[in-house]
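Novice: So that you have it, the file is run21.cif, and it contains mmCIF, C-alpha atoms:
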```
data_structure
#
loop_
_atom_site.label_atom_id
_atom_site.label_comp_id
_atom_site.auth_asym_id
_atom_site.auth_seq_id
_atom_site.Cartn_x
_atom_site.Cartn_y
_atom_site.Cartn_z
CA MET N 1 -30.31 -29.22 28.33
CA SER N 2 -33.31 -31.28 29.15
CA VAL N 3 -35.67 -30.38 31.97
CA VAL N 4 -38.22 -33.19 31.79
CA THR N 5 -35.92 -36.20 32.23
CA PRO N 6 -34.14 -34.83 35.34
CA LEU N 7 -37.51 -34.15 36.95
CA ILE N 8 -38.92 -37.61 36.08
CA GLY N 9 -35.64 -39.18 37.20
CA GLY N 10 -35.95 -37.28 40.47
CA PHE N 11 -39.53 -38.49 40.99
CA LEU N 12 -38.33 -42.08 40.46
CA ILE N 13 -35.53 -41.64 43.01
CA GLY N 14 -38.04 -40.21 45.49
CA LEU N 15 -40.39 -43.14 44.77
CA SER N 16 -37.54 -45.59 45.34
CA ALA N 17 -36.67 -43.99 48.69
CA SER N 18 -40.36 -44.13 49.63
CA ILE N 19 -40.59 -47.86 48.83
CA ALA N 20 -37.42 -48.56 50.85
CA LEU N 21 -38.86 -46.76 53.87
CA ALA N 22 -42.42 -48.14 53.54
CA PHE N 23 -41.44 -51.80 53.11
CA ASP N 24 -38.08 -52.10 54.88
CA GLY N 25 -38.06 -49.04 57.14
CA ARG N 26 -34.71 -48.02 55.71
CA ILE N 27 -33.16 -44.86 54.27
CA ALA N 28 -32.11 -45.30 50.63
CA GLY N 29 -28.63 -43.82 51.05
CA ILE N 30 -26.28 -45.50 48.63
CA SER N 31 -23.00 -44.95 50.51
CA GLY N 32 -24.55 -46.45 53.65
CA VAL N 33 -26.22 -49.31 51.79
CA LEU N 34 -22.98 -50.22 50.01
CA GLY N 35 -20.68 -49.56 52.98
CA ARG N 36 -22.63 -51.76 55.34
CA LEU N 37 -23.02 -54.43 52.70
CA VAL N 38 -19.24 -54.60 52.23
CA PHE N 39 -18.04 -53.94 55.78
CA GLY N 40 -20.86 -55.42 57.80
CA GLY N 41 -23.89 -54.04 59.57
CA ASP N 42 -27.55 -54.80 60.04
CA GLY N 43 -30.10 -55.07 57.26
CA ARG N 44 -27.90 -57.17 55.01
CA GLY N 45 -30.81 -58.70 53.11
CA PHE N 46 -32.28 -55.29 52.27
CA ARG N 47 -28.89 -53.92 51.21
CA LEU N 48 -28.06 -56.89 49.02
CA ALA N 49 -31.43 -56.76 47.22
CA PHE N 50 -31.26 -52.97 46.76
CA VAL N 51 -27.75 -53.07 45.28
CA ALA N 52 -28.81 -56.01 43.06
CA GLY N 53 -31.60 -53.80 41.66
CA LEU N 54 -29.14 -50.97 40.97
CA VAL N 55 -26.67 -53.35 39.31
CA ALA N 56 -29.41 -54.94 37.17
CA VAL N 57 -30.32 -51.50 35.79
CA GLY N 58 -26.66 -50.82 35.02
CA VAL N 59 -26.36 -54.06 33.07
CA ILE N 60 -29.53 -53.31 31.09
CA ALA N 61 -28.55 -49.65 30.52
CA ALA N 62 -25.26 -50.77 28.96
CA GLU N 63 -27.32 -52.63 26.35
CA ILE N 64 -30.19 -50.25 25.61
CA ALA N 65 -28.95 -46.77 26.59
CA PRO N 66 -25.12 -46.73 26.46
CA SER N 67 -25.16 -42.98 25.72
CA ALA N 68 -26.54 -42.32 29.22
CA LEU N 69 -23.21 -43.51 30.60
CA GLY N 70 -20.92 -40.65 29.79
CA ALA N 71 -17.18 -40.66 29.26
CA ARG N 72 -14.72 -39.94 32.05
CA ILE N 73 -13.92 -36.28 32.74
CA ALA N 74 -10.46 -36.86 34.22
CA PRO N 75 -7.53 -39.29 33.79
CA LEU N 76 -7.95 -42.68 35.48
CA PRO N 77 -5.43 -41.97 38.30
CA VAL N 78 -7.44 -38.85 39.18
CA ILE N 79 -10.66 -40.90 39.09
CA ALA N 80 -9.05 -43.36 41.51
CA VAL N 81 -8.04 -40.57 43.91
CA ALA N 82 -11.57 -39.14 43.64
CA GLY N 83 -13.00 -42.56 44.49
CA VAL N 84 -10.93 -42.76 47.67
CA LEU N 85 -12.05 -39.24 48.65
CA VAL N 86 -15.72 -40.10 48.03
CA GLY N 87 -15.42 -43.37 49.97
CA TRP N 88 -13.69 -41.75 52.94
CA GLY N 89 -15.87 -38.65 52.87
CA THR N 90 -19.24 -40.37 52.63
CA ARG N 91 -18.32 -42.69 55.46
CA ALA N 92 -17.07 -39.89 57.72
CA ALA N 93 -20.17 -37.83 56.90
CA ASN N 94 -22.50 -40.84 57.16
CA GLY N 95 -24.12 -40.18 53.80
CA CYS N 96 -23.86 -38.89 50.27
CA THR N 97 -26.09 -37.28 47.64
CA SER N 98 -28.90 -39.76 48.31
CA GLY N 99 -28.85 -40.27 52.09
CA HIS N 100 -28.16 -36.63 52.96
CA GLY N 101 -29.12 -34.89 49.70
CA VAL N 102 -32.50 -36.52 49.13
CA CYS N 103 -33.65 -38.37 52.25
CA GLY N 104 -32.06 -36.14 54.89
CA VAL N 105 -33.12 -32.85 53.32
CA ALA N 106 -36.68 -34.18 52.86
CA ARG N 107 -36.68 -35.06 56.58
CA LEU N 108 -35.35 -31.54 57.33
CA SER N 109 -32.37 -33.03 59.16
CA PRO N 110 -29.99 -30.19 60.17
CA ARG N 111 -26.99 -32.51 59.66
CA SER N 112 -28.06 -33.33 56.13
CA ILE N 113 -28.76 -29.72 55.18
CA VAL N 114 -25.29 -28.71 56.42
CA ALA N 115 -23.72 -31.70 54.61
CA VAL N 116 -25.43 -30.83 51.30
CA ILE N 117 -24.35 -27.17 51.45
CA THR N 118 -20.79 -28.31 52.27
CA PHE N 119 -20.39 -30.89 49.49
CA MET N 120 -22.06 -28.61 46.93
CA LEU N 121 -19.59 -25.82 47.80
CA THR N 122 -16.47 -28.00 47.70
CA GLY N 123 -17.73 -29.77 44.56
CA ALA N 124 -18.31 -26.45 42.79
CA ALA N 125 -14.93 -25.14 43.98
CA THR N 126 -13.20 -28.28 42.68
CA VAL N 127 -14.80 -28.02 39.24
CA ALA N 128 -13.92 -24.30 39.10
CA ILE N 129 -10.27 -24.95 40.03
CA VAL N 130 -9.92 -27.70 37.41
CA ARG N 131 -11.46 -25.41 34.77
CA LEU N 132 -9.28 -22.42 35.71
CA ALA N 133 -6.18 -24.66 35.64
CA GLY N 134 -7.03 -25.57 32.06
CA GLY N 135 -8.55 -29.01 32.58
CA TRP N 136 -6.76 -32.34 32.38
CA SER N 137 -5.90 -32.48 28.67
CA MET K 1 -40.31 -62.61 48.21
CA LYS K 2 -39.54 -60.57 51.32
CA ARG K 3 -36.71 -58.88 49.42
CA ALA K 4 -38.71 -58.01 46.29
CA PRO K 5 -39.53 -54.42 47.40
CA ALA K 6 -35.85 -53.68 48.10
CA PHE K 7 -34.84 -55.05 44.68
CA VAL K 8 -37.58 -53.02 42.96
CA ALA K 9 -36.54 -49.91 44.94
CA GLY K 10 -32.92 -50.39 43.83
CA ALA K 11 -33.98 -50.83 40.21
CA ILE K 12 -36.25 -47.75 40.27
CA PHE K 13 -33.43 -45.78 41.89
CA GLY K 14 -31.02 -46.88 39.15
CA LEU K 15 -33.54 -46.08 36.43
CA GLY K 16 -34.02 -42.62 37.94
CA LEU K 17 -30.26 -42.02 37.92
CA VAL K 18 -29.84 -43.15 34.30
CA LEU K 19 -32.89 -41.23 33.06
CA SER K 20 -31.99 -38.00 34.87
CA GLY K 21 -28.43 -37.77 33.56
CA MET K 22 -26.75 -38.43 36.91
CA THR K 23 -24.69 -41.29 35.39
CA ASN K 24 -23.02 -38.88 32.95
CA PRO K 25 -19.96 -37.31 34.67
CA SER K 26 -19.87 -34.32 32.30
CA ARG K 27 -23.46 -33.47 33.29
CA ILE K 28 -22.39 -33.50 36.96
CA ALA K 29 -19.39 -31.28 36.20
CA ALA K 30 -21.64 -28.87 34.29
CA PHE K 31 -24.09 -28.81 37.20
CA LEU K 32 -21.29 -27.94 39.64
CA ASP K 33 -19.65 -25.40 37.29
CA VAL K 34 -21.61 -22.43 38.61
CA GLY K 35 -19.04 -19.87 37.41
CA GLY K 36 -18.61 -21.46 33.99
CA ALA K 37 -21.00 -23.07 31.48
CA TRP K 38 -23.47 -23.82 34.27
CA ASP K 39 -26.23 -26.36 33.59
CA PRO K 40 -28.58 -26.17 36.58
CA SER K 41 -31.03 -28.76 35.22
CA LEU K 42 -29.79 -31.52 37.54
CA ALA K 43 -31.11 -29.52 40.49
CA LEU K 44 -34.50 -30.78 39.29
CA VAL K 45 -33.42 -34.34 40.14
CA MET K 46 -32.95 -33.35 43.74
CA ILE K 47 -36.08 -31.20 43.83
CA GLY K 48 -38.22 -33.99 42.34
CA ALA K 49 -36.79 -36.66 44.63
CA ILE K 50 -37.07 -34.50 47.76
CA GLY K 51 -40.65 -33.53 46.86
CA VAL K 52 -41.82 -37.14 46.56
CA PHE K 53 -39.91 -38.44 49.58
CA ALA K 54 -40.90 -35.52 51.83
CA ILE K 55 -44.56 -36.51 51.43
CA ALA K 56 -43.94 -40.26 51.81
CA TYR K 57 -41.69 -39.69 54.82
CA ARG K 58 -44.34 -37.70 56.66
CA VAL K 59 -46.99 -40.39 56.08
CA ILE K 60 -44.71 -43.28 57.04
CA ALA K 61 -43.08 -41.52 60.01
CA ARG K 62 -46.54 -40.81 61.45
CA ARG K 63 -47.30 -44.56 61.35
CA ALA K 64 -43.82 -45.14 62.78
CA ARG K 65 -44.02 -48.63 61.24
CA THR K 66 -43.33 -50.25 57.91
CA LEU K 67 -46.26 -51.63 55.91
CA GLY K 68 -45.36 -55.02 57.40
CA GLY K 69 -45.61 -53.56 60.92
CA GLU K 70 -41.88 -53.48 61.67
CA ALA K 71 -39.93 -50.66 63.30
CA LEU K 72 -38.30 -47.98 61.13
CA HIS K 73 -34.50 -47.63 61.08
CA LEU K 74 -34.07 -43.87 61.00
CA PRO K 75 -30.88 -41.91 61.76
CA THR K 76 -31.03 -40.44 65.25
CA THR K 77 -27.96 -38.17 65.29
CA ARG K 78 -29.03 -34.54 65.09
CA TYR K 79 -25.92 -32.51 65.85
CA VAL K 80 -23.37 -31.25 63.33
CA ASP K 81 -19.81 -32.32 64.14
CA GLY K 82 -16.34 -32.13 62.61
CA SER K 83 -16.61 -35.58 61.09
CA LEU K 84 -19.76 -34.58 59.18
CA LEU K 85 -18.18 -31.35 57.91
CA ALA K 86 -14.83 -32.90 56.96
CA GLY K 87 -16.51 -35.90 55.36
CA ALA K 88 -18.95 -33.82 53.32
CA ALA K 89 -16.17 -31.43 52.22
CA VAL K 90 -13.90 -34.28 51.09
CA PHE K 91 -16.80 -36.07 49.39
CA GLY K 92 -17.56 -32.89 47.41
CA VAL K 93 -13.97 -32.67 46.15
CA GLY K 94 -14.08 -36.27 44.92
CA TRP K 95 -17.52 -35.71 43.37
CA GLY K 96 -16.23 -32.65 41.49
CA LEU K 97 -13.05 -34.41 40.32
CA ALA K 98 -14.69 -37.54 38.90
CA GLY K 99 -18.31 -36.49 38.36
CA TYR K 100 -19.46 -39.62 40.18
CA CYS K 101 -21.26 -39.96 43.48
CA PRO K 102 -21.80 -43.48 44.91
CA GLY K 103 -25.13 -44.40 43.24
CA PRO K 104 -24.31 -43.40 39.65
CA ALA K 105 -20.82 -44.90 40.06
CA LEU K 106 -22.32 -48.28 41.03
CA VAL K 107 -24.77 -48.25 38.11
CA SER K 108 -22.06 -47.22 35.63
CA ALA K 109 -19.64 -49.82 37.00
CA ALA K 110 -22.31 -52.51 36.58
CA ALA K 111 -22.70 -51.29 32.99
CA GLY K 112 -19.01 -52.05 32.47
CA ALA K 113 -17.65 -48.49 32.30
CA LEU K 114 -13.95 -48.81 33.23
CA PRO K 115 -13.62 -45.40 34.96
CA ALA K 116 -16.62 -46.25 37.15
CA ILE K 117 -15.17 -49.67 38.02
CA VAL K 118 -11.89 -47.97 39.06
CA PHE K 119 -13.88 -45.37 41.00
CA VAL K 120 -15.98 -47.94 42.90
CA ALA K 121 -12.93 -50.03 43.83
CA ALA K 122 -11.18 -46.88 45.10
CA MET K 123 -14.35 -45.78 46.90
CA ILE K 124 -14.55 -49.07 48.81
CA ALA K 125 -10.87 -48.63 49.73
CA GLY K 126 -11.66 -45.12 50.96
CA MET K 127 -14.53 -46.48 53.05
CA ALA K 128 -12.13 -49.02 54.57
CA ILE K 129 -9.68 -46.20 55.43
CA ALA K 130 -12.45 -44.26 57.15
CA GLY K 131 -13.11 -47.42 59.10
CA LYS K 132 -16.39 -46.63 60.73
CA ARG K 133 -19.75 -47.88 59.73
CA PRO K 134 -21.84 -45.58 57.55
CA GLY K 135 -25.42 -44.85 58.49
#
```
Would you write out, as structure tokens, the structure that this file holds?
Specialist:
Amino acid sequence: MSVVTPLIGGFLIGLSASIALAFDGRIAGISGVLGRLVFGGDGRGFRLAFVAGLVAVGVIAAEIAPSALGARIAPLPVIAVAGVLVGWGTRAANGCTSGHGVCGVARLSPRSIVAVITFMLTGAATVAIVRLAGGWS
Amino acid sequence: MKRAPAFVAGAIFGLGLVLSGMTNPSRIAAFLDVGGAWDPSLALVMIGAIGVFAIAYRVIARRARTLGGEALHLPTTRYVDGSLLAGAAVFGVGWGLAGYCPGPALVSAAAGALPAIVFVAAMIAGMAIAGKRPG
């Protein structure tokens, strides 16, 4: 288990959120950026450019660091169900790990702190239940 | 070039996710598996990101303007409601099941990982079901 790369990765994510706020006045919350890009909302130019940056890194990572993209941990139908839950949940909660977890907590938003505690608890409970049930294999 | 900072921010964000291990679903599962073979190292991603942004936020919020002199678009809702709690709870279940949250899923889908492509398509469908605009 590496300690240095998570910390450096975290600094970069914080730097990214700082650039988004300093130049565009926007919170770098991925569920909000993507949701409003797909379903409409203000700040379309910012959202399109931000997602393009994310996608560009994904394309490059596939070439130079494929091992960073791990294998799936559940069967594809379960992944699909999980995707629906994440889409519905992040929209109902108005944020995900980035908007609430990083930006909101750094702003000491009570909503974000409650959201983070909640999704950490249900996430941990879900992983525990899957493990206790013997996994998917 | 008005959109260059947003593109750079997106790319740095993606690089941070890839470098930190957030794009690896088994790392996420290990981070959430507190009662099992717990790997708490991903907490450092959040701590590092919050540390940097907390400082930047205070400086920028005091100016109350972007570097270009425009108004900030900050969330104004302060109260905790049922929608926040239900949404966060359901999001956590999906996060634990697949090991993907929205950012890493997008990066991995762009890299061509089939599970992430399935996840992102399903996530957009889930957003459509929720029907209201995210903040």
Novice: Residues within 12 Å of Thr90 of chain N, please, as a PyMOL selection string. Count only C-alpha atoms; anything in the same chain fewer than 4 positions from it doesn't count.
Specialist: (chain N and resi 29-35+82-86+94-101+112+115-116+119) or (chain K and resi 83-95+101-103+123-124+126-135)
Novice: Around segment 56-75 of chain N, fit a box with edges along x, y and z, padding it by 5 Å on each side, then list its centre and edge lengths in Å to one decimal as lines of an AutoDock Vina configuration file.
Specialist:
```
center_x = -18.9
center_y = -45.6
center_z = 31.4
size_x = 32.8
size_y = 28.7
size_z = 21.6
```
Novice: Can you give me, as a list in words, the residues this file yields under the PyMOL selection byres ((chain K and resi 72) around 12)?
Specialist: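 Selection result, ordered by chain and number: Ala20, Leu21, Ala22, Phe23, Asp24, Gly25, Arg26, Ile27 and Gly43 of chain N; Tyr57, Ile60, Ala61, Arg62, Arg63, Ala64, Arg65, Thr66, Leu67, Gly68, Gly69, Glu70, Ala71, His73, Leu74, Pro75 and Thr76 of chain K.
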Novice: What does the PyMOL selection byres ((chain K and resi 106-116) around 10) select in this file, as a PDB file with C-alpha atoms, in the frame of the given file?
Specialist:
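Ended up saving to part_34.pdb:
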```
ATOM      1  CA  ILE N  30     -26.280 -45.500  48.630  1.00  0.00           C
ATOM      2  CA  LEU N  34     -22.980 -50.220  50.010  1.00  0.00           C
ATOM      3  CA  VAL N  51     -27.750 -53.070  45.280  1.00  0.00           C
ATOM      4  CA  ALA N  52     -28.810 -56.010  43.060  1.00  0.00           C
ATOM      5  CA  GLY N  53     -31.600 -53.800  41.660  1.00  0.00           C
ATOM      6  CA  LEU N  54     -29.140 -50.970  40.970  1.00  0.00           C
ATOM      7  CA  VAL N  55     -26.670 -53.350  39.310  1.00  0.00           C
ATOM      8  CA  ALA N  56     -29.410 -54.940  37.170  1.00  0.00           C
ATOM      9  CA  VAL N  57     -30.320 -51.500  35.790  1.00  0.00           C
ATOM     10  CA  GLY N  58     -26.660 -50.820  35.020  1.00  0.00           C
ATOM     11  CA  VAL N  59     -26.360 -54.060  33.070  1.00  0.00           C
ATOM     12  CA  ILE N  60     -29.530 -53.310  31.090  1.00  0.00           C
ATOM     13  CA  ALA N  61     -28.550 -49.650  30.520  1.00  0.00           C
ATOM     14  CA  ALA N  62     -25.260 -50.770  28.960  1.00  0.00           C
ATOM     15  CA  GLU N  63     -27.320 -52.630  26.350  1.00  0.00           C
ATOM     16  CA  PRO N  66     -25.120 -46.730  26.460  1.00  0.00           C
ATOM     17  CA  ALA N  68     -26.540 -42.320  29.220  1.00  0.00           C
ATOM     18  CA  LEU N  69     -23.210 -43.510  30.600  1.00  0.00           C
ATOM     19  CA  GLY N  70     -20.920 -40.650  29.790  1.00  0.00           C
ATOM     20  CA  ALA N  71     -17.180 -40.660  29.260  1.00  0.00           C
ATOM     21  CA  ARG N  72     -14.720 -39.940  32.050  1.00  0.00           C
ATOM     22  CA  ILE N  73     -13.920 -36.280  32.740  1.00  0.00           C
ATOM     23  CA  ALA N  74     -10.460 -36.860  34.220  1.00  0.00           C
ATOM     24  CA  PRO N  75      -7.530 -39.290  33.790  1.00  0.00           C
ATOM     25  CA  LEU N  76      -7.950 -42.680  35.480  1.00  0.00           C
ATOM     26  CA  PRO N  77      -5.430 -41.970  38.300  1.00  0.00           C
ATOM     27  CA  VAL N  78      -7.440 -38.850  39.180  1.00  0.00           C
ATOM     28  CA  ILE N  79     -10.660 -40.900  39.090  1.00  0.00           C
ATOM     29  CA  ALA N  80      -9.050 -43.360  41.510  1.00  0.00           C
ATOM     30  CA  GLY N  83     -13.000 -42.560  44.490  1.00  0.00           C
TER      31      GLY N  83
ATOM     32  CA  ALA K  11     -33.980 -50.830  40.210  1.00  0.00           C
ATOM     33  CA  PHE K  13     -33.430 -45.780  41.890  1.00  0.00           C
ATOM     34  CA  GLY K  14     -31.020 -46.880  39.150  1.00  0.00           C
ATOM     35  CA  LEU K  15     -33.540 -46.080  36.430  1.00  0.00           C
ATOM     36  CA  LEU K  17     -30.260 -42.020  37.920  1.00  0.00           C
ATOM     37  CA  VAL K  18     -29.840 -43.150  34.300  1.00  0.00           C
ATOM     38  CA  THR K  23     -24.690 -41.290  35.390  1.00  0.00           C
ATOM     39  CA  ASN K  24     -23.020 -38.880  32.950  1.00  0.00           C
ATOM     40  CA  PRO K  25     -19.960 -37.310  34.670  1.00  0.00           C
ATOM     41  CA  ALA K  98     -14.690 -37.540  38.900  1.00  0.00           C
ATOM     42  CA  GLY K  99     -18.310 -36.490  38.360  1.00  0.00           C
ATOM     43  CA  TYR K 100     -19.460 -39.620  40.180  1.00  0.00           C
ATOM     44  CA  CYS K 101     -21.260 -39.960  43.480  1.00  0.00           C
ATOM     45  CA  PRO K 102     -21.800 -43.480  44.910  1.00  0.00           C
ATOM     46  CA  GLY K 103     -25.130 -44.400  43.240  1.00  0.00           C
ATOM     47  CA  PRO K 104     -24.310 -43.400  39.650  1.00  0.00           C
ATOM     48  CA  ALA K 105     -20.820 -44.900  40.060  1.00  0.00           C
ATOM     49  CA  ILE K 117     -15.170 -49.670  38.020  1.00  0.00           C
ATOM     50  CA  VAL K 118     -11.890 -47.970  39.060  1.00  0.00           C
ATOM     51  CA  PHE K 119     -13.880 -45.370  41.000  1.00  0.00           C
ATOM     52  CA  VAL K 120     -15.980 -47.940  42.900  1.00  0.00           C
ATOM     53  CA  ALA K 121     -12.930 -50.030  43.830  1.00  0.00           C
ATOM     54  CA  ALA K 122     -11.180 -46.880  45.100  1.00  0.00           C
TER      55      ALA K 122
END
```
Novice: Between K:Asp81, K:Lys2, K:Ala49, K:Asp39, which is the closest to chain N once you count all atoms listed in the file?
Specialist: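 Distance minimum relative to chain N lands on K:Ala49.
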Novice: Taking only C-alpha atoms into account, which of N:Gly134, N:Gly104, N:Gly87, N:Gly41 comes nearest chain K?
Specialist: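 Smallest separation from chain K among the options: N:Gly87.
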Novice: Up to 12 Å from (-41.9, -37.2, 35.8) in the file's coordinates: name the residues, counting all atoms listed in the file, as a list in words.
Specialist: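 Protein and nucleic acid residues near the point are Val3, Val4, Thr5, Pro6, Leu7, Ile8, Gly9, Gly10, Phe11, Leu12, Ile13, Gly14 and Leu15 of chain N; Gly16, Leu19, Ser20, Leu44, Val45, Ile47, Gly48, Ala49, Gly51 and Val52 of chain K.
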Novice: My list of candidates is K:Ile28, K:Gly96, K:Arg58, K:Pro40. Which is closest to chain N when distances are computed with all atoms listed in the file?
Specialist: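 Under the stated criterion, the closest residue is K:Gly96.
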Novice: From the list N:Gly45, N:Gly89, N:Gly40, N:Gly135, which residue is nearest chain K when using all atoms listed in the file?
Specialist: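 So, comparing all the options, the nearest one is N:Gly89.
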Novice: Which value, in Å to one decimal, gives the distance between atom CA of Trp88 of chain N and atom CA of Phe50 of chain N?
Specialist: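 Result for atom CA of Trp88 of chain N versus atom CA of Phe50 of chain N: 21.7 Å, one decimal.
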Novice: With distances taken over only C-alpha atoms, which of N:Ile129, N:Ala93, N:Ile113, N:Leu48 is nearest to chain K?
Specialist: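 Of N:Ile129, N:Ala93, N:Ile113, N:Leu48, the one nearest chain K, counting only C-alpha atoms, is N:Ala93.
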Novice: Please determine, counting all atoms listed in the file, which residue among N:Ile117, N:Ala92, N:Ala28, N:Val38 has the shortest atom-to-atom distance to chain K.
Specialist: N:Ala92
Novice: What is the atom CA of Ala106 of chain N to atom CA of Arg27 of chain K distance in Å?
Specialist: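 Separating atom CA of Ala106 of chain N from atom CA of Arg27 of chain K is a distance of 23.6 Å.
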Novice: So how many Å separate atom CA of Met22 of chain K and atom CA of Leu42 of chain K, to one decimal?
Specialist: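 So the answer is 7.6 Å.
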Novice: In the coordinate frame of the file, compute which residues have an atom within 7 Å of (-25.0, -28.4, 44.1) when using only C-alpha atoms, and state them as number ranges by chain.
Specialist: N: 120; K: 31-32
Novice: Can you spell out as a VMD selection string the set of residues that the PyMOL selection byres ((chain K and resi 1) around 12) selects in the structure I just provided?
Specialist: (chain N and resid 23 45 to 46 49) or (chain K and resid 2 to 8)
